[in-house]
$ cat input.cif   # mmCIF, C-alpha atoms and all ligand atoms
data_protein
loop_
_atom_site.label_atom_id
_atom_site.label_comp_id
_atom_site.auth_asym_id
_atom_site.auth_seq_id
_atom_site.Cartn_x
_atom_site.Cartn_y
_atom_site.Cartn_z
CA MET A 124 105.46 -51.38 41.70
CA ASN A 125 104.34 -48.57 44.00
CA LYS A 126 100.87 -47.10 44.23
CA LYS A 127 101.75 -44.02 42.19
CA SER A 128 103.06 -46.15 39.30
CA LEU A 129 99.86 -48.21 39.34
CA ILE A 130 97.72 -45.08 39.11
CA VAL A 131 99.81 -43.77 36.20
CA MET A 132 99.49 -47.14 34.44
CA ALA A 133 95.74 -47.17 35.04
CA ILE A 134 95.40 -43.70 33.51
CA MET A 135 97.51 -44.76 30.52
CA CYS A 136 95.31 -47.82 29.98
CA VAL A 137 92.18 -45.65 29.99
CA VAL A 138 93.80 -43.35 27.41
CA VAL A 139 94.78 -46.32 25.22
CA VAL A 140 91.30 -47.84 25.47
CA ALA A 141 89.69 -44.48 24.63
CA GLY A 142 91.99 -44.20 21.62
CA GLY A 143 91.12 -47.74 20.60
CA CYS A 144 87.42 -46.88 20.61
CA GLY A 145 88.10 -44.04 18.21
CA SER A 146 86.17 -45.32 15.22
CA GLU A 147 85.11 -41.68 14.82
CA THR A 148 88.60 -40.74 13.73
CA SER A 149 89.35 -43.71 11.49
CA GLU A 150 88.85 -43.98 7.76
CA LEU A 151 85.50 -45.13 6.42
CA SER A 152 85.70 -48.52 4.77
CA ILE A 153 85.30 -47.99 1.03
CA ASP A 154 87.66 -50.63 -0.45
CA GLY A 155 89.16 -47.90 -2.61
CA SER A 156 92.26 -49.85 -3.54
CA PHE A 157 90.19 -52.15 -5.77
CA GLU A 158 92.00 -55.30 -4.67
CA SER A 159 89.14 -57.53 -3.47
CA ILE A 160 86.47 -59.11 -5.63
CA SER A 161 82.77 -58.69 -4.87
CA THR A 162 80.73 -61.73 -3.94
CA PHE A 163 78.44 -61.91 -6.94
CA GLU A 164 80.12 -60.22 -9.87
CA LYS A 165 83.56 -59.87 -11.35
CA THR A 166 83.93 -56.27 -10.21
CA PRO A 167 85.86 -54.77 -7.28
CA ASN A 168 84.08 -54.99 -3.96
CA ASP A 169 80.76 -53.08 -4.36
CA TRP A 170 82.15 -50.70 -6.99
CA TYR A 171 80.13 -50.57 -10.20
CA PRO A 172 80.62 -49.00 -13.63
CA THR A 173 77.86 -46.67 -14.90
CA ILE A 174 77.22 -48.33 -18.24
CA VAL A 175 74.92 -46.54 -20.70
CA THR A 176 73.27 -49.15 -22.92
CA ARG A 177 73.20 -47.09 -26.12
CA THR A 178 76.92 -46.23 -25.99
CA LYS A 179 78.39 -49.25 -24.20
CA GLU A 180 80.30 -50.45 -27.27
CA PHE A 181 82.30 -47.17 -27.26
CA VAL A 182 83.50 -47.34 -23.63
CA ASP A 183 85.65 -49.87 -21.78
CA PHE A 184 85.35 -50.11 -18.02
CA GLU A 185 88.20 -52.28 -16.82
CA TRP A 186 89.22 -53.74 -13.50
CA ASP A 187 92.89 -53.50 -14.42
CA ASN A 188 95.44 -55.97 -13.03
CA GLN A 189 98.39 -54.47 -14.98
CA VAL A 190 98.33 -50.89 -13.69
CA ALA A 191 98.10 -49.93 -9.99
CA TYR A 192 99.18 -47.31 -7.49
CA VAL A 193 98.31 -49.41 -4.42
CA GLY A 194 98.56 -53.21 -4.58
CA ASN A 195 98.03 -54.94 -7.92
CA ARG A 196 94.80 -53.56 -9.33
CA SER A 197 93.07 -50.31 -10.27
CA VAL A 198 89.90 -49.39 -12.15
CA SER A 199 90.00 -47.66 -15.52
CA ILE A 200 87.74 -46.09 -18.12
CA ALA A 201 88.72 -45.82 -21.80
CA ILE A 202 86.59 -43.94 -24.32
CA ASP A 203 86.77 -44.78 -28.03
CA LEU A 204 87.73 -42.10 -30.56
CA ASP A 205 84.48 -42.69 -32.43
CA HIS A 206 82.21 -42.29 -29.36
CA PRO A 207 79.05 -40.34 -30.36
CA GLU A 208 79.04 -36.55 -29.90
CA GLU A 209 77.15 -36.82 -26.63
CA GLN A 210 77.75 -35.55 -23.11
CA ILE A 211 77.99 -38.47 -20.68
CA ALA A 212 79.88 -38.62 -17.37
CA TYR A 213 81.16 -42.20 -17.18
CA ASN A 214 82.25 -43.29 -13.72
CA TRP A 215 82.98 -46.05 -11.25
CA THR A 216 80.66 -45.60 -8.27
CA LYS A 217 80.01 -46.87 -4.77
CA THR A 218 77.71 -45.90 -1.88
CA ILE A 219 79.49 -45.47 1.42
CA THR A 220 78.34 -46.38 4.89
CA GLY A 221 79.36 -45.41 8.40
CA TYR A 222 79.23 -41.65 7.78
CA GLU A 223 77.71 -39.19 10.26
CA GLU A 224 75.52 -36.20 9.49
CA GLY A 225 77.21 -32.89 10.22
CA LYS A 226 80.68 -34.41 10.11
CA THR A 227 83.40 -33.20 7.72
CA TYR A 228 85.43 -35.70 5.68
CA GLU A 229 88.31 -35.63 3.23
CA LEU A 230 87.94 -37.68 0.07
CA SER A 231 91.24 -38.46 -1.61
CA GLY A 232 92.53 -40.75 -4.33
CA TRP A 233 95.18 -41.30 -6.99
CA VAL A 234 94.56 -40.69 -10.69
CA LYS A 235 96.56 -41.56 -13.80
CA ALA A 236 95.57 -40.02 -17.13
CA GLU A 237 96.22 -40.64 -20.81
CA LYS A 238 95.23 -38.11 -23.50
CA LEU A 239 92.46 -36.36 -21.56
CA ASN A 240 91.11 -33.05 -22.89
CA SER A 241 88.92 -32.30 -19.86
CA PRO A 242 89.69 -33.15 -16.23
CA ALA A 243 89.15 -36.51 -14.58
CA TRP A 244 87.34 -36.22 -11.25
CA ILE A 245 86.44 -37.96 -8.04
CA CYS A 246 83.27 -36.48 -6.59
CA ILE A 247 81.00 -36.99 -3.62
CA GLN A 248 77.21 -36.74 -3.68
CA CYS A 249 74.96 -36.54 -0.60
CA TRP A 250 71.37 -37.46 -1.45
CA GLY A 251 68.18 -36.80 0.52
CA GLU A 252 65.42 -39.29 1.14
CA SER A 253 63.70 -38.71 -2.23
CA LYS A 254 66.96 -39.52 -4.14
CA THR A 255 66.05 -36.67 -6.51
CA GLU A 256 67.49 -33.86 -4.39
CA MET A 257 71.25 -33.62 -4.02
CA LEU A 258 71.88 -32.02 -0.63
CA GLY A 259 75.66 -31.86 -0.91
CA PHE A 260 78.30 -32.14 -3.63
CA ASN A 261 82.03 -31.64 -4.02
CA THR A 262 84.62 -32.63 -6.58
CA THR A 263 88.40 -32.87 -6.86
CA GLN A 264 88.51 -31.35 -10.33
CA ARG A 265 88.56 -27.66 -9.36
CA ASP A 266 91.68 -27.89 -7.17
CA TYR A 267 93.28 -30.84 -8.94
CA PRO A 268 92.50 -30.71 -12.67
CA ILE A 269 93.98 -33.92 -14.08
CA THR A 270 94.23 -33.50 -17.86
CA GLY A 271 96.49 -34.55 -20.73
CA THR A 272 98.80 -37.46 -19.93
CA MET A 273 99.89 -37.63 -16.29
CA ASP A 274 101.39 -40.30 -14.06
CA TRP A 275 99.73 -41.13 -10.71
CA THR A 276 98.73 -37.89 -9.00
CA GLN A 277 96.89 -37.46 -5.71
CA VAL A 278 93.63 -35.48 -5.70
CA LYS A 279 91.51 -34.39 -2.73
CA THR A 280 88.34 -32.63 -1.72
CA VAL A 281 86.54 -31.94 1.55
CA PHE A 282 82.83 -32.34 2.23
CA THR A 283 80.40 -32.11 5.14
CA VAL A 284 77.43 -34.49 5.22
CA PRO A 285 74.27 -32.30 5.35
CA ALA A 286 71.40 -33.09 7.74
CA GLY A 287 68.80 -35.28 6.06
CA THR A 288 71.33 -37.22 3.98
CA THR A 289 70.26 -40.83 3.38
CA GLU A 290 72.86 -41.83 0.80
CA VAL A 291 76.47 -40.78 0.24
CA ARG A 292 77.90 -41.82 -3.10
CA ILE A 293 81.41 -41.59 -4.57
CA ARG A 294 81.91 -41.30 -8.32
CA ALA A 295 85.27 -41.41 -10.11
CA GLY A 296 85.24 -40.72 -13.83
CA ILE A 297 85.67 -38.79 -17.05
CA ALA A 298 83.18 -37.26 -19.47
CA THR A 299 82.51 -37.34 -23.20
CA PRO A 300 82.75 -35.97 -25.81
CA ASP A 301 85.97 -34.13 -24.82
CA ASN A 302 87.78 -37.26 -23.72
CA ARG A 303 87.28 -39.38 -26.81
CA GLY A 304 90.49 -41.36 -27.30
CA GLY A 305 91.43 -40.87 -23.63
CA ARG A 306 91.81 -43.20 -20.68
CA VAL A 307 91.92 -42.82 -16.90
CA TRP A 308 92.86 -45.05 -13.95
CA PHE A 309 91.83 -44.62 -10.30
CA ASP A 310 93.36 -46.25 -7.23
CA GLY A 311 93.93 -45.67 -3.49
CA LEU A 312 90.62 -43.87 -2.80
CA SER A 313 89.86 -43.13 0.83
CA VAL A 314 87.46 -41.13 3.01
CA ARG A 315 88.62 -39.94 6.44
CA PRO A 316 86.96 -37.71 9.01
CA LEU A 317 88.59 -34.32 9.63
CA ASP A 318 86.91 -33.35 12.91
CA CA B 401 94.94 -51.06 -6.10
#
$ encode --input "input.cif" --output "structure tokens"
Amino acid sequence: MNKKSLIVMAIMCVVVVAGGCGSETSELSIDGSFESISTFEKTPNDWYPTIVTRTKEFVDFEWDNQVAYVGNRSVSIAIDLDHPEEQIAYNWTKTITGYEEGKTYELSGWVKAEKLNSPAWICIQCWGESKTEMLGFNTTQRDYPITGTMDWTQVKTVFTVPAGTTEVRIRAGIATPDNRGGRVWFDGLSVRPLD
């Protein structure tokens, strides 16, 4: 191998190594395919259902091993027909780590719907230190309104993490009372940087 070839190879190695260090361009780890079990509870890895004590008998949060878009499992929410006439946004939720302030990300996921009268959504919330002030918010439901009965459909939204954000939270859900008698499944959620 001549000297010129060695220099070219050296440059290529540097490029490969630089690419390999590119955690900035890789997806954030959110376990959005709901395949792995959490350590302490029988729920998908660090995803939790928002159960409201007074209405819990009217809602079923399920870690479903019969219906999936990716792998063998998804998460679902089913609301009983006789759920009280009350506005509640039921959702599966998780806080995400590894984000950077000022950076723009795309949140995407797959949704399957059965008898929904108002859209299912996947949203992102950026909270400040006090946890009472939401600094940033975006939802898939404006551009991708999933209603009625639909097979797996991809939804997306873009968000930038505002300065001062201390917690970024994903929520995937449906609301009452419109969706009484309806059910939704979520799978294949991911968050990837755009810049
Ligand atoms: Ca899955």
$ closest_residue --input "input.cif" --among "A:Leu317, A:His206, A:Asn261, A:Thr272" --to "Arg303 of chain A" --atoms "all atoms listed in the file"
A:His206
$ closest_residue --input "input.cif" --among "A:Lys254, A:Lys226, A:Lys165, A:Lys235" --to "Trp186 of chain A" --atoms "only C-alpha atoms"
A:Lys165
$ residues_near_ligand --input "input.cif" --ligand "ligand CA 401 (chain B)" --cutoff "8 Å" --atoms "all atoms listed in the file" --output "short mmCIF file (atom, residue, chain, number, x, y, z; two decimals) with C-alpha atoms, in the frame of the given file"
data_model
loop_
_atom_site.label_atom_id
_atom_site.label_comp_id
_atom_site.auth_asym_id
_atom_site.auth_seq_id
_atom_site.Cartn_x
_atom_site.Cartn_y
_atom_site.Cartn_z
CA GLY A 155 89.16 -47.90 -2.61
CA SER A 156 92.26 -49.85 -3.54
CA PHE A 157 90.19 -52.15 -5.77
CA GLU A 158 92.00 -55.30 -4.67
CA ALA A 191 98.10 -49.93 -9.99
CA TYR A 192 99.18 -47.31 -7.49
CA VAL A 193 98.31 -49.41 -4.42
CA GLY A 194 98.56 -53.21 -4.58
CA ASN A 195 98.03 -54.94 -7.92
CA ARG A 196 94.80 -53.56 -9.33
CA SER A 197 93.07 -50.31 -10.27
CA ASP A 310 93.36 -46.25 -7.23
CA GLY A 311 93.93 -45.67 -3.49
#
$ residues_around --input "input.cif" --residues "Glu223 of chain A" --least-positions-apart "6" --cutoff "10 Å" --atoms "all atoms listed in the file" --output "PyMOL selection string"
chain A and resi 147+283-286+288+316
$ atom_distance --input "input.cif" --atom1 "atom CA of Pro167 of chain A" --atom2 "atom CA of Asp183 of chain A"
15.3 Å
$ closest_residue --input "input.cif" --among "A:Ile211, A:Cys246, A:Val234, A:Ile153" --to "Arg177 of chain A" --atoms "all atoms listed in the file"
A:Ile211
$ atom_distance --input "input.cif" --atom1 "atom CA of Glu256 of chain A" --atom2 "atom CA of Gln210 of chain A"
21.4 Å
$ residues_around --input "input.cif" --residues "Thr218 of chain A" --least-positions-apart "3" --cutoff "9 Å" --atoms "only C-alpha atoms" --output "PyMOL selection string"
chain A and resi 153+169-170+290-294
$ atom_distance --input "input.cif" --atom1 "atom CA of Met257 of chain A" --atom2 "atom CA of Ile219 of chain A"
15.4 Å
$ residues_around --input "input.cif" --residues "segment 266-268 of chain A" --least-positions-apart "4" --cutoff "9 Å" --atoms "only C-alpha atoms" --output "VMD selection string"
chain A and resid 241 to 244 262 276 to 280
$ residues_around --input "input.cif" --residues "segment 199-201 of chain A" --least-positions-apart "5" --cutoff "9 Å" --atoms "all atoms listed in the file" --output "number ranges by chain"
A: 172, 181-187, 213-215, 296-297, 302-309
$ closest_residue --input "input.cif" --among "A:Leu204, A:Cys249, A:Ala212, A:Ile160" --to "Thr299 of chain A" --atoms "all atoms listed in the file"
A:Ala212
$ residues_around --input "input.cif" --residues "Leu151 of chain A" --least-positions-apart "2" --cutoff "10 Å" --atoms "only C-alpha atoms" --output "VMD selection string"
chain A and resid 146 to 149 153 to 154 219 to 222 228 313 to 316
